[in-house]
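One structure below.
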Amino acid sequence: MIIDRLIAKIKETQNPTVVGLDPRLSYIPDFIKKAAFEEFGKTPQGAAEAFFQYNKEIIDAVYDIIPSVKPQIAMYEQYGAAGMECFIKTCAYAKEKGLVVIGDIKRGDIATTAEAYSNGHIGKPDIDGEKNQIYQQDFITVNPYLGWDSIEPYIRDCKEYEKGLFVLVKTSNPNSGQLQDLDVGGMTLYEKVGDLTEQWGQALMGENGYSSIGAVVGATHPAQAKALRVRMPHTFFLVPGYGAQGGTAEDLAVCFDAQGLGAIVNSSRGIIAAHQNEKYKNMFAEKDFAQAARQAVIHMRDDLNRVRR
C-alpha cells in the first residue's frame with residue numbers, strides 16, 4: 001500500500017514534513033529568471049522553465065531529508081500547456097529522487113468526469129490498447145462535497161494502481177467554518193465527512209493500521225483536529241497551515257498518534273521561499289536559495305519532532 005511506503009519514508013528520514021512545491025515568479029532568484037527569459041522570453045514557456053530549474057535545485061537540496069513533496073497544480077496550470085508540462089516534469093523528477101509525490105489538485109466531480117480526472121492523475125489512460133502514465137503522483141487531494149459519486153472512481157484506481165487520496169475534511173482557511181462547521185443532524189459537516197472518509201478508507205488498509213485514503217486536516221484548527229484524530233483512528237492526516245498560515249507545532253501535535261505517526265505536515269513558501277526570510281538572508285546568498293530551503297526543512301523537522309515525541 002502506498003500509505004505504508006509514505007510511513008516508511010517518514011520513519012527513514014525521521015521527518016513528517018512535506019515540501020509544498022508552489023512556485024511563484026516572485027520567489028525565483030533573478031539569475032534563474034534571467035536565464036529562462038533569455039531563452040524563452042517573458043512568456044509562459046519562460047516562466048515554466050524558471051519554475052522547473054528552481055524546483056529541481058530545491059528537490060536536489062532536500063530529497064534526502066524529507067519523505068514527500070506536494071506540488072500545487074494551480075501554480076503551474078495558470079501558465080497553460082507550458083506550466084502543465086513543468087508540473088509533469090516536476091512530479092517525475094521528484095519520483096526519480098525517491099520521494100512520495102502528493103499532487104494537490106483538489107478535484108471534485110462525478111460520473112465520467114470524475115473517472116477522467118482519476119484516470120489521468122492516478123490511473124493510466126488507455127490509448128487504443130496502450131496504457132500511458134501521464135502524472136507520476138502517488139496521492140492526490142480530492143473534494144468530497146459531491147458525495148460518494150465523486151470519490152468512488154478514485155478508489156477504484158487507487159486499488160488497481162496502488163495510489164492514495166487525501167480527502168478535504170477540515171481545511172486550514174479562516175472561513176472554512178462557513179460550511180464545514182454547519183450542524184447536520186447533531187454533528188458538524190466536517191465530522192460527517194470525516195466519518196465517511198474513515199469508512200471509505202476501510203477498503204485500502206495498510207500494514208501500519210492506516211488507510212491509503214487520508215484526510216486534509218488544518219493545523220489552524222487544533223481543537224477540531226484533536227477530535228478528528230480520535231474519530232478517525234485509521235485515517236492519515238495531511239496537515240496544511242503550519243508556519244506562514246499561523247499554525248504552530250503545538251497546534252498540530254494533536255494530529256499525531258501515540259507513536260508520533262498519523263500525519264504529514266505541509267510547508268510551502270516557508271521552505272521554498274526561505275531565502276527571502278530575514279531568518280535565512282544573513283546565512284545564505286541568493287544563489288544558495290536551495291540550501292536556505294534545506295535549512296528551513298531541518299528547522300521544521302526538529303520543531304515537529306519536538307512535539308510528536
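In the C-alpha cells, chains take letters A, B, ... by order of appearance, with residues numbered from 1 within each chain and ligands from 1 in the order shown.
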
Next item on the list: Find the residues around Ile10 (chain A) up to 10 Å (only C-alpha atoms counted), leave out those fewer than 2 positions away in its own chain, and share them as a PyMOL selection string.
Entry: chain A and resi 4-8+12-18+65-68+261+263-264

Next item on the list: Excluding Glu96 (chain A) and any residue of its chain fewer than 2 positions from it, enumerate the residues within 12 Å of it, using only C-alpha atoms, and give them as a list in words.
Entry: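 After dropping sequence-adjacent residues, the list is Lys56, Ile59, Asp60, Tyr63, Lys89, Thr90, Cys91, Ala92, Tyr93, Ala94, Gly98, Leu99, Val100, Val101, Gln136 and Gln137 of chain A.
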
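The residue that comes closest to Asp288 (chain A), out of A:Tyr117, A:Phe166, A:Tyr54, A:Phe40 and on the basis of only C-alpha atoms, is A:Tyr54.
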
Note to self: List as a ChimeraX atom specification the protein and nucleic acid residues near region 102-113 of chain A, meaning an atom at most 6 Å away when only C-alpha atoms are counted, but skip any in the same chain fewer than 4 places from it.
What the structure shows: /A:70-73,137-143,149-150

Please dump the current selection as an mmCIF file, in the first residue's frame; keep N, CA and C atoms.
```cif
data_model
loop_
_atom_site.group_PDB
_atom_site.id
_atom_site.type_symbol
_atom_site.label_atom_id
_atom_site.label_comp_id
_atom_site.auth_asym_id
_atom_site.auth_seq_id
_atom_site.Cartn_x
_atom_site.Cartn_y
_atom_site.Cartn_z
ATOM 1 N N LYS A 70 4.763 18.125 -2.404
ATOM 2 C CA LYS A 70 3.358 18.334 -2.779
ATOM 3 C C LYS A 70 3.257 19.528 -3.726
ATOM 4 N N PRO A 71 3.371 19.292 -5.035
ATOM 5 C CA PRO A 71 3.165 20.393 -5.968
ATOM 6 C C PRO A 71 1.686 20.764 -6.087
ATOM 7 N N GLN A 72 1.409 22.045 -6.039
ATOM 8 C CA GLN A 72 0.037 22.570 -6.177
ATOM 9 C C GLN A 72 -0.191 22.918 -7.644
ATOM 10 N N ILE A 73 -1.142 22.227 -8.266
ATOM 11 C CA ILE A 73 -1.287 22.293 -9.720
ATOM 12 C C ILE A 73 -1.652 23.681 -10.225
ATOM 13 N N GLN A 137 2.071 10.763 -9.782
ATOM 14 C CA GLN A 137 1.662 11.147 -8.436
ATOM 15 C C GLN A 137 1.278 9.889 -7.654
ATOM 16 N N ASP A 138 1.631 9.880 -6.370
ATOM 17 C CA ASP A 138 1.286 8.746 -5.511
ATOM 18 C C ASP A 138 -0.038 8.968 -4.795
ATOM 19 N N PHE A 139 -0.291 10.200 -4.406
ATOM 20 C CA PHE A 139 -1.556 10.621 -3.791
ATOM 21 C C PHE A 139 -2.052 11.846 -4.552
ATOM 22 N N ILE A 140 -3.349 12.062 -4.489
ATOM 23 C CA ILE A 140 -3.907 13.344 -4.924
ATOM 24 C C ILE A 140 -4.919 13.807 -3.875
ATOM 25 N N THR A 141 -5.168 15.115 -3.855
ATOM 26 C CA THR A 141 -6.208 15.654 -2.978
ATOM 27 C C THR A 141 -7.521 15.728 -3.745
ATOM 28 N N VAL A 142 -8.620 15.434 -3.053
ATOM 29 C CA VAL A 142 -9.941 15.451 -3.693
ATOM 30 C C VAL A 142 -10.957 16.138 -2.783
ATOM 31 N N ASN A 143 -11.954 16.740 -3.413
ATOM 32 C CA ASN A 143 -13.047 17.419 -2.718
ATOM 33 C C ASN A 143 -14.247 16.479 -2.666
ATOM 34 N N ASP A 149 -20.370 9.559 -5.139
ATOM 35 C CA ASP A 149 -20.204 9.549 -6.596
ATOM 36 C C ASP A 149 -18.882 10.192 -7.011
ATOM 37 N N SER A 150 -18.415 11.162 -6.216
ATOM 38 C CA SER A 150 -17.204 11.891 -6.572
ATOM 39 C C SER A 150 -15.940 11.232 -6.032
#
```

Check: For Thr220 (chain A), which of A:Leu252, A:Met205, A:Ala82, A:Cys158 is the closest residue, counting only C-alpha atoms?
Finding: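 For Thr220 (chain A), the nearest of the candidates is A:Leu252.
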
Checklist line | Interatomic distance (Å, one decimal) between CA of Tyr145 (chain A) and CA of Glu207 (chain A) | finding: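 Distance reported for this atom pair: 29.0 Å.
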
Margin query: Using only C-alpha atoms, can you tell me which of A:Gln276, A:Asn132, A:Ser268, A:Thr235 comes closest to Phe256 (chain A)?
Written below: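 Closest to Phe256 (chain A), using only C-alpha atoms: A:Thr235.
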
Item checked: Counting only C-alpha atoms, the option among A:Ile28, A:Met1, A:Ile122, A:Val19 closest to Glu286 (chain A) ->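 Closest candidate: A:Ile28.
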
Next item on the list: Write down as JSON, numbers by chain the residues belonging to region 99-260 of chain A that are assigned strand (DSSP E or B) by DSSP computed on the backbone.
Entry: {"A": [100, 101, 102, 103, 104, 105, 106, 107, 126, 127, 130, 131, 139, 140, 141, 142, 164, 165, 166, 167, 168, 169, 170, 183, 188, 205, 211, 212, 213, 214, 215, 216, 217, 235, 236, 237, 238, 239, 242, 247]}

Mind writing the picked residues with N, CA and C atoms as a compact mmCIF listing (two decimals), in the first residue's frame?
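Printed below is out_10.txt as written:
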```txt
# COMPACT_ATOMS: atom_id res chain seq x y z
N VAL A 100 7.88 10.49 -2.27
CA VAL A 100 6.44 10.28 -2.45
C VAL A 100 5.85 11.60 -2.93
N VAL A 101 5.08 11.55 -4.01
CA VAL A 101 4.53 12.77 -4.62
C VAL A 101 3.04 12.86 -4.32
N ILE A 102 2.66 13.96 -3.68
CA ILE A 102 1.25 14.26 -3.41
C ILE A 102 0.83 15.37 -4.35
N GLY A 103 -0.01 15.04 -5.32
CA GLY A 103 -0.50 16.05 -6.25
C GLY A 103 -1.66 16.81 -5.64
N ASP A 104 -1.46 18.09 -5.38
CA ASP A 104 -2.52 18.89 -4.76
C ASP A 104 -3.39 19.44 -5.87
N ILE A 105 -4.43 18.66 -6.25
CA ILE A 105 -5.25 19.03 -7.41
C ILE A 105 -6.70 19.32 -7.02
N LYS A 106 -7.13 18.86 -5.84
CA LYS A 106 -8.46 19.17 -5.27
C LYS A 106 -9.59 18.99 -6.28
N ARG A 107 -9.60 17.89 -6.97
CA ARG A 107 -10.67 17.63 -7.93
C ARG A 107 -11.94 17.18 -7.21
N ASP A 126 -5.93 4.78 -21.43
CA ASP A 126 -5.78 3.77 -22.47
C ASP A 126 -5.96 4.45 -23.83
N ILE A 127 -4.93 4.39 -24.64
CA ILE A 127 -4.99 4.97 -25.98
C ILE A 127 -4.87 3.85 -26.99
N GLU A 130 -3.04 0.88 -25.58
CA GLU A 130 -1.77 1.17 -24.89
C GLU A 130 -2.05 2.08 -23.70
N LYS A 131 -1.63 1.63 -22.50
CA LYS A 131 -1.82 2.44 -21.30
C LYS A 131 -0.63 3.37 -21.10
N PHE A 139 -0.29 10.20 -4.41
CA PHE A 139 -1.56 10.62 -3.79
C PHE A 139 -2.05 11.85 -4.55
N ILE A 140 -3.35 12.06 -4.49
CA ILE A 140 -3.91 13.34 -4.92
C ILE A 140 -4.92 13.81 -3.88
N THR A 141 -5.17 15.12 -3.86
CA THR A 141 -6.21 15.65 -2.98
C THR A 141 -7.52 15.73 -3.74
N VAL A 142 -8.62 15.43 -3.05
CA VAL A 142 -9.94 15.45 -3.69
C VAL A 142 -10.96 16.14 -2.78
N GLY A 164 -3.16 6.67 -3.59
CA GLY A 164 -3.92 7.10 -2.43
C GLY A 164 -4.55 8.46 -2.63
N LEU A 165 -5.43 8.82 -1.70
CA LEU A 165 -6.14 10.09 -1.72
C LEU A 165 -5.98 10.81 -0.39
N PHE A 166 -6.07 12.12 -0.43
CA PHE A 166 -6.30 12.91 0.77
C PHE A 166 -7.59 13.71 0.54
N VAL A 167 -8.60 13.37 1.33
CA VAL A 167 -9.94 13.94 1.18
C VAL A 167 -10.04 15.21 2.03
N LEU A 168 -10.55 16.30 1.45
CA LEU A 168 -10.73 17.53 2.22
C LEU A 168 -11.77 17.30 3.31
N VAL A 169 -11.36 17.43 4.57
CA VAL A 169 -12.27 17.23 5.70
C VAL A 169 -12.42 18.52 6.50
N LYS A 170 -11.34 19.02 7.08
CA LYS A 170 -11.37 20.29 7.82
C LYS A 170 -10.18 21.11 7.36
N ASP A 183 -24.18 22.49 11.40
CA ASP A 183 -24.79 21.35 12.09
C ASP A 183 -25.60 20.52 11.09
N THR A 188 -21.20 18.24 13.17
CA THR A 188 -20.80 19.21 12.15
C THR A 188 -20.63 18.50 10.81
N MET A 205 -6.72 -0.54 3.56
CA MET A 205 -5.94 -0.52 4.79
C MET A 205 -4.53 -1.07 4.57
N SER A 211 -5.07 3.78 6.42
CA SER A 211 -5.58 3.58 5.07
C SER A 211 -4.86 4.49 4.09
N SER A 212 -4.85 4.08 2.82
CA SER A 212 -4.35 4.95 1.76
C SER A 212 -5.33 6.06 1.40
N ILE A 213 -6.51 6.04 2.04
CA ILE A 213 -7.46 7.15 1.90
C ILE A 213 -7.30 8.02 3.14
N GLY A 214 -6.58 9.12 2.99
CA GLY A 214 -6.30 10.02 4.10
C GLY A 214 -7.21 11.24 4.10
N ALA A 215 -6.91 12.18 4.98
CA ALA A 215 -7.75 13.37 5.14
C ALA A 215 -6.89 14.62 5.25
N VAL A 216 -7.36 15.71 4.67
CA VAL A 216 -6.75 17.02 4.87
C VAL A 216 -7.37 17.65 6.11
N VAL A 217 -6.54 17.92 7.11
CA VAL A 217 -7.00 18.48 8.38
C VAL A 217 -6.05 19.62 8.75
N THR A 235 -7.15 6.91 9.72
CA THR A 235 -7.01 7.87 8.63
C THR A 235 -5.76 8.73 8.83
N PHE A 236 -4.87 8.69 7.86
CA PHE A 236 -3.64 9.50 7.90
C PHE A 236 -4.00 10.93 7.52
N PHE A 237 -3.42 11.90 8.24
CA PHE A 237 -3.74 13.31 8.02
C PHE A 237 -2.65 14.00 7.18
N LEU A 238 -3.07 14.76 6.19
CA LEU A 238 -2.23 15.75 5.52
C LEU A 238 -2.59 17.09 6.13
N VAL A 239 -1.60 17.74 6.76
CA VAL A 239 -1.88 18.90 7.61
C VAL A 239 -1.28 20.17 6.99
N TYR A 242 0.79 25.06 8.71
CA TYR A 242 1.94 25.28 9.58
C TYR A 242 2.75 26.48 9.08
N GLY A 247 -0.21 28.25 11.90
CA GLY A 247 -0.22 27.03 12.71
C GLY A 247 1.15 26.74 13.31
```

Next item on the list: Find the distance between CA of Ile3 (chain A) and CA of Met75 (chain A) and write it in Å to one decimal.
Entry: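 These atoms are spaced 26.0 Å apart.
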
Next item on the list: Could you give me the residues within region 147-291 of chain A that DSSP places in alpha helix (DSSP H), as an MDAnalysis selection string?
Entry: chainID A and resid 152:161 177:180 189:200 222:231 249:252 269:272 278:281 289:291

Let's have the selection written as a short mmCIF file (atom, residue, chain, number, x, y, z; two decimals), in the first residue's frame, with N, CA and C atoms.
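File produced: again.cif:
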```cif
data_model
loop_
_atom_site.label_atom_id
_atom_site.label_comp_id
_atom_site.auth_asym_id
_atom_site.auth_seq_id
_atom_site.Cartn_x
_atom_site.Cartn_y
_atom_site.Cartn_z
N GLU A 152 -15.79 7.42 -5.51
CA GLU A 152 -15.70 6.01 -5.90
C GLU A 152 -14.77 5.75 -7.09
N PRO A 153 -14.79 6.58 -8.16
CA PRO A 153 -13.88 6.30 -9.28
C PRO A 153 -12.41 6.34 -8.87
N TYR A 154 -12.07 7.25 -7.95
CA TYR A 154 -10.68 7.34 -7.49
C TYR A 154 -10.29 6.10 -6.67
N ILE A 155 -11.20 5.63 -5.84
CA ILE A 155 -10.89 4.46 -5.01
C ILE A 155 -10.65 3.25 -5.89
N ARG A 156 -11.41 3.12 -6.96
CA ARG A 156 -11.19 2.01 -7.90
C ARG A 156 -9.77 2.07 -8.45
N ASP A 157 -9.34 3.25 -8.88
CA ASP A 157 -7.99 3.38 -9.44
C ASP A 157 -6.92 3.26 -8.37
N CYS A 158 -7.21 3.71 -7.15
CA CYS A 158 -6.25 3.53 -6.05
C CYS A 158 -5.97 2.05 -5.83
N LYS A 159 -7.00 1.23 -5.88
CA LYS A 159 -6.84 -0.21 -5.71
C LYS A 159 -6.01 -0.80 -6.83
N GLU A 160 -6.30 -0.41 -8.05
CA GLU A 160 -5.63 -1.01 -9.20
C GLU A 160 -4.17 -0.58 -9.32
N TYR A 161 -3.89 0.69 -9.02
CA TYR A 161 -2.56 1.24 -9.28
C TYR A 161 -1.76 1.52 -8.01
N GLY A 177 -15.21 27.33 8.31
CA GLY A 177 -16.36 27.01 9.15
C GLY A 177 -17.70 27.44 8.58
N GLN A 178 -17.70 28.35 7.59
CA GLN A 178 -18.96 28.78 7.00
C GLN A 178 -19.77 27.59 6.48
N LEU A 179 -19.09 26.60 5.95
CA LEU A 179 -19.76 25.38 5.51
C LEU A 179 -19.40 24.19 6.38
N GLN A 180 -18.13 24.03 6.67
CA GLN A 180 -17.66 22.80 7.31
C GLN A 180 -18.13 22.66 8.76
N LEU A 189 -20.67 19.30 9.76
CA LEU A 189 -20.48 18.73 8.43
C LEU A 189 -19.10 18.10 8.30
N TYR A 190 -18.05 18.75 8.85
CA TYR A 190 -16.72 18.16 8.71
C TYR A 190 -16.61 16.84 9.48
N GLU A 191 -17.32 16.72 10.61
CA GLU A 191 -17.32 15.44 11.32
C GLU A 191 -17.99 14.35 10.49
N LYS A 192 -19.08 14.71 9.82
CA LYS A 192 -19.75 13.74 8.95
C LYS A 192 -18.83 13.31 7.81
N VAL A 193 -18.15 14.29 7.19
CA VAL A 193 -17.22 13.95 6.11
C VAL A 193 -16.05 13.11 6.66
N GLY A 194 -15.61 13.44 7.87
CA GLY A 194 -14.56 12.63 8.50
C GLY A 194 -14.99 11.19 8.70
N ASP A 195 -16.23 11.00 9.18
CA ASP A 195 -16.75 9.64 9.37
C ASP A 195 -16.81 8.89 8.05
N LEU A 196 -17.27 9.58 7.00
CA LEU A 196 -17.34 8.94 5.69
C LEU A 196 -15.95 8.59 5.17
N THR A 197 -15.00 9.48 5.37
CA THR A 197 -13.63 9.21 4.91
C THR A 197 -13.04 8.00 5.62
N GLU A 198 -13.26 7.91 6.93
CA GLU A 198 -12.81 6.74 7.69
C GLU A 198 -13.47 5.48 7.15
N GLN A 199 -14.74 5.58 6.82
CA GLN A 199 -15.47 4.43 6.27
C GLN A 199 -14.94 4.05 4.89
N TRP A 200 -14.77 5.04 4.01
CA TRP A 200 -14.28 4.77 2.66
C TRP A 200 -12.89 4.13 2.70
N PRO A 222 -6.81 23.42 15.93
CA PRO A 222 -6.31 22.30 16.74
C PRO A 222 -7.39 21.55 17.52
N ALA A 223 -8.40 22.24 18.01
CA ALA A 223 -9.45 21.55 18.77
C ALA A 223 -10.20 20.56 17.88
N GLN A 224 -10.53 21.02 16.67
CA GLN A 224 -11.22 20.14 15.74
C GLN A 224 -10.31 19.00 15.29
N ALA A 225 -9.03 19.30 15.08
CA ALA A 225 -8.09 18.26 14.67
C ALA A 225 -7.95 17.19 15.75
N LYS A 226 -7.93 17.61 17.00
CA LYS A 226 -7.83 16.66 18.10
C LYS A 226 -9.03 15.72 18.12
N ALA A 227 -10.22 16.28 17.94
CA ALA A 227 -11.42 15.46 17.92
C ALA A 227 -11.43 14.51 16.73
N LEU A 228 -10.95 14.99 15.58
CA LEU A 228 -10.92 14.15 14.39
C LEU A 228 -9.90 13.02 14.53
N ARG A 229 -8.80 13.29 15.22
CA ARG A 229 -7.80 12.22 15.40
C ARG A 229 -8.41 11.05 16.15
N VAL A 230 -9.26 11.34 17.16
CA VAL A 230 -9.95 10.29 17.91
C VAL A 230 -11.02 9.63 17.03
N ARG A 231 -11.70 10.45 16.26
CA ARG A 231 -12.83 9.98 15.45
C ARG A 231 -12.36 9.14 14.25
N ALA A 249 3.75 24.09 15.84
CA ALA A 249 3.95 22.68 16.15
C ALA A 249 3.04 22.24 17.28
N GLU A 250 2.87 23.10 18.27
CA GLU A 250 1.99 22.77 19.39
C GLU A 250 0.55 22.59 18.91
N ASP A 251 0.12 23.41 17.94
CA ASP A 251 -1.24 23.30 17.41
C ASP A 251 -1.49 21.94 16.77
N LEU A 252 -0.52 21.46 16.02
CA LEU A 252 -0.75 20.26 15.24
C LEU A 252 -0.27 18.98 15.92
N ARG A 269 5.69 28.05 1.09
CA ARG A 269 6.58 29.21 0.98
C ARG A 269 7.56 29.32 2.14
N GLY A 270 7.20 28.75 3.29
CA GLY A 270 8.12 28.78 4.42
C GLY A 270 9.41 28.04 4.13
N ILE A 271 9.38 27.12 3.16
CA ILE A 271 10.58 26.37 2.77
C ILE A 271 11.11 26.85 1.43
N ILE A 272 10.26 26.85 0.40
CA ILE A 272 10.80 27.14 -0.93
C ILE A 272 11.17 28.61 -1.09
N GLU A 278 14.01 36.87 6.53
CA GLU A 278 15.12 37.51 7.25
C GLU A 278 15.92 36.51 8.06
N LYS A 279 15.26 35.46 8.51
CA LYS A 279 15.93 34.44 9.32
C LYS A 279 17.09 33.79 8.59
N TYR A 280 16.96 33.68 7.24
CA TYR A 280 17.97 32.97 6.46
C TYR A 280 18.77 33.88 5.55
N LYS A 281 18.35 35.14 5.38
CA LYS A 281 19.03 36.03 4.45
C LYS A 281 20.50 36.23 4.81
N PHE A 289 19.82 29.63 -2.60
CA PHE A 289 18.42 29.55 -2.16
C PHE A 289 18.02 28.14 -1.78
N ALA A 290 18.57 27.14 -2.47
CA ALA A 290 18.19 25.75 -2.18
C ALA A 290 18.74 25.31 -0.83
N GLN A 291 19.91 25.82 -0.45
CA GLN A 291 20.46 25.49 0.86
C GLN A 291 19.67 26.17 1.97
#
```

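Taking CA of Gly201 (chain A) and CA of Gly246 (chain A) as endpoints, the distance between them is 29.7 Å.
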